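A.B. asks: A single structure is presented below for examination.
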Amino acid sequence: MIKIGYPCINNSVACTTNSRFILKNYSRKRFLETTRKNLECLVKILDFNIKNNLLFFRISSDIIPFASHPICKINWRKEFKNIFEQIGNFINKNKIRISMHPDQFVVLNTDNKKILKNSIRELIYHCELLDALNLDETAKVQIHVGGVYGNKDLSIKRFILNYKRLPEIIKRRLVIENDDRNYSVKDCLRIHQEISIPIVFDNLHHEVLNNGEDTQEAMLLCFKSWSKKDGVPMIDYSQQEKGKKPGTHSKTINIRKFKSFIEKVKDLNFDIMLEIKDKEKSALKVVKFLCKF
């Protein structure tokens with residue numbers, strides 16, 4: 001069964017998991033209050049999702065404010081151990097698929113040592129959060145390959161080299177996706193062949209940047225990069241917003257277009273993260289459609 005999900009924000013639930021504050025206002029009290037508020041909201045969102053058969057969710061990177069910043073000296077895994085166990089038990093009991101997607105400042109193929117160091121710190125935080133929830137390796141942390149820096153071949157080699165140096169806590173969860181500017185499915189496969197990293201297929205990115213592969217062919221190539229321990233392959237699905245630059249996500253789902261997509265790949269097994277701007281509203285429409293499909 002395909003699991004349908006959406007990222008980070010639920011506009012039907014009267015709270016948010018990405019409450020933040022500025023760095024100069026950092027204090028132990030502020031950190032603990034904000035983090036608890038975010039985690040309590042995550043409980044509410046997951047409860048909403050289960051009641052509506054939405055079994056895939058991307059947790060916001062902002063859920064633990066400044067977790068990867070040197071200013072954070074608090075052992076947040078210990079402070080929130082009970083609520084992590086509560087959330088993790090709920091996720092595992094209901095077989096919810098979880099992912100995270102750090103912001104684009106996380107770049108592993110950078111030639112800047114400071115950016116690389118900060119990127120690794122951020123990835124460790126994401127993986128520690130998923131570990132705190134006691135989730136298995138099917139819960140993934142998704143990133144883009146990065147920049148080209150004037151030489152794609154060297155940039156790919158640098159990604160591979162830096163990946164090999166990562167701690168195991170990151171390697172067991174990290175996945176890459178094809179993007180719409182620099183790294184196509186073919187480029188991602190080059191990386192996979194060296195380090196066996198799974199590839200998340202993004203349909204809209206593939207429409208913008210490809211090497212002539214049709215959607216089904218490209219999806220199959222990406223799916224072969226997933227091993228049994230990684231779980232069912234994940235894809236990002238979105239649609240082009242009319243009148244906007246190529247790659248701009250649509251405000252809401254067009255079910256007719258979604259139907260056309262699903263009919264082409266209905267024999268494949270995958271989970272779908274809907275990157276549509278109205279979040280759970282489009283996800284609910286897709287769930288309703290698939291029930292009749």
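Each chain in the structure tokens gets a letter, A, B and so on, in the order shown; residues start at 1 in every chain, and ligands are counted from 1 in the order they appear.
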Residues at most 9 Å from Phe31 of chain A, counting only C-alpha atoms, excluding those fewer than 5 positions away in the same chain, as a list of chain:residue names?
C.D. replies: A:Arg20, A:Phe21, A:Tyr26, A:Arg36, A:Ile64, A:Pro65, A:Phe66, A:Cys72, A:Ile74
A.B. asks: For Asp62 of chain A, list every protein, DNA or RNA residue within 10 Å, evaluated using only C-alpha atoms, and leave out those in the same chain fewer than 3 positions away; present the list as an MDAnalysis selection string.
C.D. replies: chainID A and resid 8 17:20 35 38 59 65:67 102:103 126
A.B. asks: Tell me which of A:Asp47, A:Glu33, A:Glu137, A:Asp131 sits closest to Lys228 of chain A, counting only C-alpha atoms.
C.D. replies: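 Ranked by minimum distance to Lys228 of chain A, first place goes to A:Glu137.
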A.B. asks: List every residue of segment 182-256 of chain A that has an atom at most 12 Å from any atom of segment 150-164 of chain A, and for each one report the closest atom pair and its distance in Å to one decimal, counting only C-alpha atoms, with rows sorted by chain and then by increasing residue number, as a Markdown table.
C.D. replies:
| residue | atom | partner | partner_atom | distance |
| --- | --- | --- | --- | --- |
| A:Asn182 | CA | A:Lys152 | CA | 8.4 |
| A:Tyr183 | CA | A:Lys152 | CA | 8.8 |
| A:Ser184 | CA | A:Lys152 | CA | 11.5 |
| A:Lys186 | CA | A:Ile156 | CA | 11.9 |
| A:Asp187 | CA | A:Ile156 | CA | 8.2 |
| A:Cys188 | CA | A:Ile156 | CA | 8.9 |
| A:Leu189 | CA | A:Ile156 | CA | 10.8 |
| A:Arg190 | CA | A:Ile156 | CA | 8.3 |
| A:Ile191 | CA | A:Ile160 | CA | 6.6 |
| A:His192 | CA | A:Ile160 | CA | 9.0 |
| A:Gln193 | CA | A:Ile160 | CA | 10.1 |
| A:Glu194 | CA | A:Ile160 | CA | 7.2 |
| A:Ile195 | CA | A:Ile160 | CA | 6.9 |
| A:Ser196 | CA | A:Ile160 | CA | 10.2 |
| A:Ile197 | CA | A:Tyr163 | CA | 9.4 |
A.B. asks: Could you write out, as a ChimeraX atom specification, all the residues of segment 134-175 of chain A that DSSP marks as strand (DSSP E)?
C.D. replies: /A:140-144,174-175
A.B. asks: Keeping only C-alpha atoms, take the residues you just selected and write them out as a PDB file, in the first residue's frame.
C.D. replies:
ATOM      1  CA  LYS A 140      15.583   8.814   6.212  1.00  0.00           C
ATOM      2  CA  VAL A 141      17.381  12.168   6.121  1.00  0.00           C
ATOM      3  CA  GLN A 142      17.223  13.594   2.612  1.00  0.00           C
ATOM      4  CA  ILE A 143      19.615  16.075   1.014  1.00  0.00           C
ATOM      5  CA  HIS A 144      20.608  17.427  -2.391  1.00  0.00           C
ATOM      6  CA  LEU A 174      21.229   9.537   4.454  1.00  0.00           C
ATOM      7  CA  VAL A 175      19.598   9.638   1.012  1.00  0.00           C
TER       8      VAL A 175
END
A.B. asks: In Å, rounded to a single decimal, give me how far atom CA of Asn53 of chain A is from atom CA of Leu284 of chain A.
C.D. replies: 8.4 Å
A.B. asks: Do you have the atom CA of Cys127 of chain A-atom CA of Arg58 of chain A distance handy?
C.D. replies: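 Between atom CA of Cys127 of chain A and atom CA of Arg58 of chain A the gap is 13.3 Å.
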A.B. asks: Hey, which bits of segment 115-225 of chain A sit within 10 Å of segment 240-244 of chain A, and for each residue what's the closest pair of atoms and how far apart in Å (one decimal), counting only C-alpha atoms, rows by chain and increasing number, as a Markdown table?
C.D. replies:
| residue | atom | partner | partner_atom | distance |
| --- | --- | --- | --- | --- |
| A:Leu204 | CA | A:Gln240 | CA | 7.0 |
| A:His205 | CA | A:Gln240 | CA | 9.8 |
| A:Glu207 | CA | A:Gln240 | CA | 9.4 |
| A:Val208 | CA | A:Gln240 | CA | 9.8 |
A.B. asks: Using only C-alpha atoms, what table do you get, as a Markdown table, when you list each residue of segment 103-199 of chain A with an atom no more than 7 Å from segment 81-99 of chain A, its nearest pair of atoms, and their distance in Å rounded to one decimal, rows by chain then rising number?
C.D. replies:
| residue | atom | partner | partner_atom | distance |
| --- | --- | --- | --- | --- |
| A:Ala132 | CA | A:Phe84 | CA | 6.1 |
| A:Leu133 | CA | A:Gly88 | CA | 4.3 |
| A:Asn134 | CA | A:Gly88 | CA | 5.9 |
| A:Leu135 | CA | A:Gly88 | CA | 6.8 |
| A:Ala139 | CA | A:Ile98 | CA | 5.0 |
| A:Lys140 | CA | A:Ser99 | CA | 4.8 |
| A:Val141 | CA | A:Ser99 | CA | 5.8 |
A.B. asks: Got a sec to tell me which of segment 44-284 of chain A DSSP assigns to helix (DSSP H, G or I), as JSON, numbers by chain?
C.D. replies: {"A": [44, 45, 46, 47, 48, 49, 50, 51, 61, 62, 63, 76, 77, 78, 79, 81, 82, 83, 84, 85, 86, 87, 88, 89, 90, 91, 92, 93, 113, 114, 115, 116, 117, 118, 119, 120, 121, 122, 123, 124, 125, 126, 127, 128, 129, 130, 131, 132, 152, 153, 154, 155, 156, 157, 158, 159, 160, 161, 162, 163, 164, 168, 169, 170, 171, 185, 186, 187, 188, 189, 190, 191, 192, 193, 194, 195, 203, 204, 205, 206, 207, 208, 215, 216, 217, 218, 219, 220, 221, 222, 223, 228, 229, 230, 255, 256, 257, 258, 259, 260, 261, 262, 263, 264, 265, 280, 281, 282, 283, 284]}
A.B. asks: For Gly5 of chain A, which residue among A:Ala218, A:Leu42, A:Leu123, A:Ile50 is the nearest when counting only C-alpha atoms?
C.D. replies: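 Looking only at the distances to Gly5 of chain A, the closest residue turns out to be A:Ile50.
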A.B. asks: Between A:Asn203, A:Ser227, A:Ser60, A:Thr110, which has the minimum distance to Thr16 of chain A (counting only C-alpha atoms)?
C.D. replies: A:Ser60
A.B. asks: Find the spatial neighbours of Arg256 of chain A, counting only C-alpha atoms, within a cut-off of 12 Å - ignore same-chain residues fewer than 3 positions away - and output them as a short mmCIF file (atom, residue, chain, number, x, y, z; two decimals) with all heavy atoms, in the first residue's frame.
C.D. replies:
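Produced file result05.cif, reproduced below:
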data_model
loop_
_atom_site.label_atom_id
_atom_site.label_comp_id
_atom_site.auth_asym_id
_atom_site.auth_seq_id
_atom_site.Cartn_x
_atom_site.Cartn_y
_atom_site.Cartn_z
N GLN A 239 3.70 19.22 -8.66
CA GLN A 239 3.25 19.64 -9.99
C GLN A 239 3.69 21.07 -10.25
O GLN A 239 3.84 21.87 -9.31
CB GLN A 239 1.73 19.51 -10.08
CG GLN A 239 1.24 18.08 -9.93
CD GLN A 239 -0.27 17.96 -9.81
OE1 GLN A 239 -0.97 18.94 -9.56
NE2 GLN A 239 -0.79 16.75 -9.98
N ILE A 253 -3.11 20.39 -5.46
CA ILE A 253 -2.98 19.23 -6.34
C ILE A 253 -4.03 19.25 -7.46
O ILE A 253 -5.17 19.65 -7.25
CB ILE A 253 -3.13 17.92 -5.53
CG1 ILE A 253 -2.67 16.69 -6.34
CG2 ILE A 253 -4.56 17.71 -5.06
CD1 ILE A 253 -1.25 16.37 -6.18
N LYS A 259 -3.63 11.45 -11.36
CA LYS A 259 -4.15 10.18 -11.87
C LYS A 259 -3.31 9.70 -13.05
O LYS A 259 -2.98 8.50 -13.15
CB LYS A 259 -5.61 10.33 -12.28
CG LYS A 259 -6.22 9.05 -12.84
CD LYS A 259 -7.67 9.28 -13.28
CE LYS A 259 -8.26 8.00 -13.87
NZ LYS A 259 -9.65 8.21 -14.36
N SER A 260 -2.98 10.61 -13.94
CA SER A 260 -2.16 10.26 -15.10
C SER A 260 -0.80 9.72 -14.68
O SER A 260 -0.29 8.74 -15.24
CB SER A 260 -1.98 11.49 -15.99
OG SER A 260 -1.13 11.21 -17.08
N PHE A 261 -0.23 10.34 -13.64
CA PHE A 261 1.06 9.89 -13.12
C PHE A 261 0.95 8.49 -12.52
O PHE A 261 1.74 7.59 -12.84
CB PHE A 261 1.55 10.89 -12.06
CG PHE A 261 2.71 10.39 -11.24
CD1 PHE A 261 4.00 10.42 -11.75
CD2 PHE A 261 2.51 9.91 -9.96
CE1 PHE A 261 5.07 9.96 -10.99
CE2 PHE A 261 3.57 9.45 -9.19
CZ PHE A 261 4.85 9.47 -9.71
N ILE A 262 -0.03 8.29 -11.67
CA ILE A 262 -0.19 7.01 -10.97
C ILE A 262 -0.48 5.87 -11.94
O ILE A 262 0.01 4.75 -11.77
CB ILE A 262 -1.31 7.11 -9.91
CG1 ILE A 262 -0.80 7.87 -8.69
CG2 ILE A 262 -1.81 5.74 -9.49
CD1 ILE A 262 0.31 7.17 -7.92
N GLU A 263 -1.25 6.14 -12.96
CA GLU A 263 -1.57 5.09 -13.94
C GLU A 263 -0.31 4.57 -14.64
O GLU A 263 -0.23 3.40 -14.99
CB GLU A 263 -2.58 5.62 -14.95
CG GLU A 263 -3.99 5.72 -14.39
CD GLU A 263 -4.98 6.31 -15.39
OE1 GLU A 263 -4.51 6.98 -16.34
OE2 GLU A 263 -6.20 6.12 -15.20
N LYS A 285 -6.87 14.87 -0.44
CA LYS A 285 -7.49 14.63 -1.74
C LYS A 285 -6.89 13.40 -2.41
O LYS A 285 -7.61 12.61 -3.03
CB LYS A 285 -7.31 15.86 -2.65
CG LYS A 285 -8.06 17.10 -2.21
CD LYS A 285 -7.74 18.28 -3.12
CE LYS A 285 -8.41 19.55 -2.64
NZ LYS A 285 -8.03 20.72 -3.48
N VAL A 286 -5.58 13.23 -2.27
CA VAL A 286 -4.91 12.08 -2.88
C VAL A 286 -5.35 10.79 -2.20
O VAL A 286 -5.61 9.78 -2.87
CB VAL A 286 -3.38 12.25 -2.81
CG1 VAL A 286 -2.68 10.94 -3.18
CG2 VAL A 286 -2.94 13.36 -3.76
N PHE A 289 -8.72 9.92 -3.44
CA PHE A 289 -8.65 9.42 -4.82
C PHE A 289 -8.13 7.98 -4.87
O PHE A 289 -8.70 7.13 -5.57
CB PHE A 289 -7.74 10.32 -5.66
CG PHE A 289 -7.29 9.69 -6.94
CD1 PHE A 289 -8.15 9.58 -8.02
CD2 PHE A 289 -6.00 9.19 -7.07
CE1 PHE A 289 -7.74 8.97 -9.20
CE2 PHE A 289 -5.59 8.58 -8.24
CZ PHE A 289 -6.46 8.48 -9.32
#
A.B. asks: Got a sec: who's within 10 Å of Asn10 of chain A, counting only C-alpha atoms, leaving out chain neighbours fewer than 3 positions off, as a VMD selection string?
C.D. replies: chain A and resid 6 to 7 13 to 17 41 to 42 44 to 46 48 to 49 278 to 281
A.B. asks: Counting only C-alpha atoms, figure out which residue out of A:Ala283, A:Ile71, A:Leu268, A:Ile176 gets nearest to Val106 of chain A.
C.D. replies: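 The closest residue to Val106 of chain A is A:Ile176.
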A.B. asks: Work out how far atom CA of Gly212 of chain A is from atom CA of Val185 of chain A, in Å to one decimal.
C.D. replies: 10.4 Å
A.B. asks: Excluding Ser238 of chain A and any residue of its chain fewer than 2 positions from it, enumerate the residues within 10 Å of it, using only C-alpha atoms, and give them as a ChimeraX atom specification.
C.D. replies: /A:202-205,235-236,240-241,247-254,258,272-277
A.B. asks: Could you dump the residues just selected with N, CA, C and O atoms as a CSV table (one decimal), in the first residue's frame?
C.D. replies:
chain,number,residue,atom,x,y,z
A,202,ASP,N,12.5,12.6,-7.5
A,202,ASP,CA,11.6,13.8,-7.5
A,202,ASP,C,11.1,14.0,-8.9
A,202,ASP,O,11.9,14.3,-9.9
A,203,ASN,N,9.8,13.8,-9.1
A,203,ASN,CA,9.2,13.9,-10.4
A,203,ASN,C,9.3,15.2,-11.1
A,203,ASN,O,9.6,15.3,-12.3
A,204,LEU,N,9.1,16.3,-10.4
A,204,LEU,CA,9.1,17.6,-11.0
A,204,LEU,C,10.5,18.0,-11.3
A,204,LEU,O,10.8,18.6,-12.4
A,205,HIS,N,11.5,17.7,-10.4
A,205,HIS,CA,12.9,18.0,-10.8
A,205,HIS,C,13.3,17.2,-12.0
A,205,HIS,O,14.0,17.7,-12.9
A,235,ILE,N,9.5,8.7,-2.9
A,235,ILE,CA,9.6,9.7,-4.0
A,235,ILE,C,9.0,11.0,-3.5
A,235,ILE,O,8.1,11.1,-2.6
A,236,ASP,N,9.4,12.1,-4.1
A,236,ASP,CA,8.8,13.4,-3.9
A,236,ASP,C,8.0,13.7,-5.1
A,236,ASP,O,8.4,13.5,-6.3
A,240,GLN,N,3.9,21.4,-11.5
A,240,GLN,CA,4.3,22.7,-11.9
A,240,GLN,C,3.2,23.8,-11.7
A,240,GLN,O,2.1,23.6,-12.2
A,241,GLU,N,3.6,24.8,-11.0
A,241,GLU,CA,2.6,26.0,-10.9
A,241,GLU,C,2.6,26.8,-12.2
A,241,GLU,O,3.7,27.2,-12.7
A,247,GLY,N,10.0,24.2,-12.2
A,247,GLY,CA,10.3,23.6,-10.9
A,247,GLY,C,9.6,24.2,-9.7
A,247,GLY,O,9.8,23.8,-8.6
A,248,THR,N,8.7,25.2,-10.0
A,248,THR,CA,8.0,25.8,-8.9
A,248,THR,C,6.8,24.9,-8.5
A,248,THR,O,6.0,24.6,-9.4
A,249,HIS,N,6.7,24.6,-7.2
A,249,HIS,CA,5.6,23.7,-6.8
A,249,HIS,C,4.3,24.4,-6.9
A,249,HIS,O,4.1,25.6,-6.6
A,250,SER,N,3.3,23.6,-7.2
A,250,SER,CA,1.9,24.1,-7.3
A,250,SER,C,1.3,24.4,-6.0
A,250,SER,O,1.7,23.8,-5.0
A,251,LYS,N,0.3,25.3,-6.0
A,251,LYS,CA,-0.4,25.6,-4.7
A,251,LYS,C,-1.3,24.5,-4.2
A,251,LYS,O,-1.5,24.4,-3.0
A,252,THR,N,-1.9,23.8,-5.2
A,252,THR,CA,-2.7,22.7,-4.8
A,252,THR,C,-2.6,21.6,-5.8
A,252,THR,O,-2.1,21.8,-6.9
A,253,ILE,N,-3.1,20.4,-5.5
A,253,ILE,CA,-3.0,19.2,-6.3
A,253,ILE,C,-4.0,19.3,-7.5
A,253,ILE,O,-5.2,19.7,-7.2
A,254,ASN,N,-3.6,18.9,-8.6
A,254,ASN,CA,-4.5,18.6,-9.7
A,254,ASN,C,-4.7,17.1,-9.8
A,254,ASN,O,-3.8,16.4,-10.3
A,258,PHE,N,-2.4,14.0,-11.3
A,258,PHE,CA,-1.9,12.9,-10.4
A,258,PHE,C,-2.4,11.5,-10.9
A,258,PHE,O,-1.6,10.6,-10.9
A,272,ILE,N,4.9,8.2,-1.2
A,272,ILE,CA,4.9,9.5,-1.8
A,272,ILE,C,4.9,10.6,-0.8
A,272,ILE,O,4.0,10.7,0.0
A,273,MET,N,5.9,11.5,-0.9
A,273,MET,CA,5.9,12.7,-0.2
A,273,MET,C,5.4,13.8,-1.1
A,273,MET,O,6.0,14.1,-2.1
A,274,LEU,N,4.2,14.4,-0.8
A,274,LEU,CA,3.6,15.4,-1.7
A,274,LEU,C,4.2,16.8,-1.3
A,274,LEU,O,3.9,17.3,-0.2
A,275,GLU,N,4.9,17.3,-2.2
A,275,GLU,CA,5.5,18.7,-2.0
A,275,GLU,C,4.6,19.7,-2.7
A,275,GLU,O,4.9,20.4,-3.7
A,276,ILE,N,3.4,19.8,-2.2
A,276,ILE,CA,2.4,20.7,-2.7
A,276,ILE,C,2.1,21.8,-1.6
A,276,ILE,O,2.1,21.4,-0.4
A,277,LYS,N,1.9,23.0,-2.0
A,277,LYS,CA,2.0,24.1,-1.0
A,277,LYS,C,0.9,24.1,0.0
A,277,LYS,O,1.0,24.6,1.1
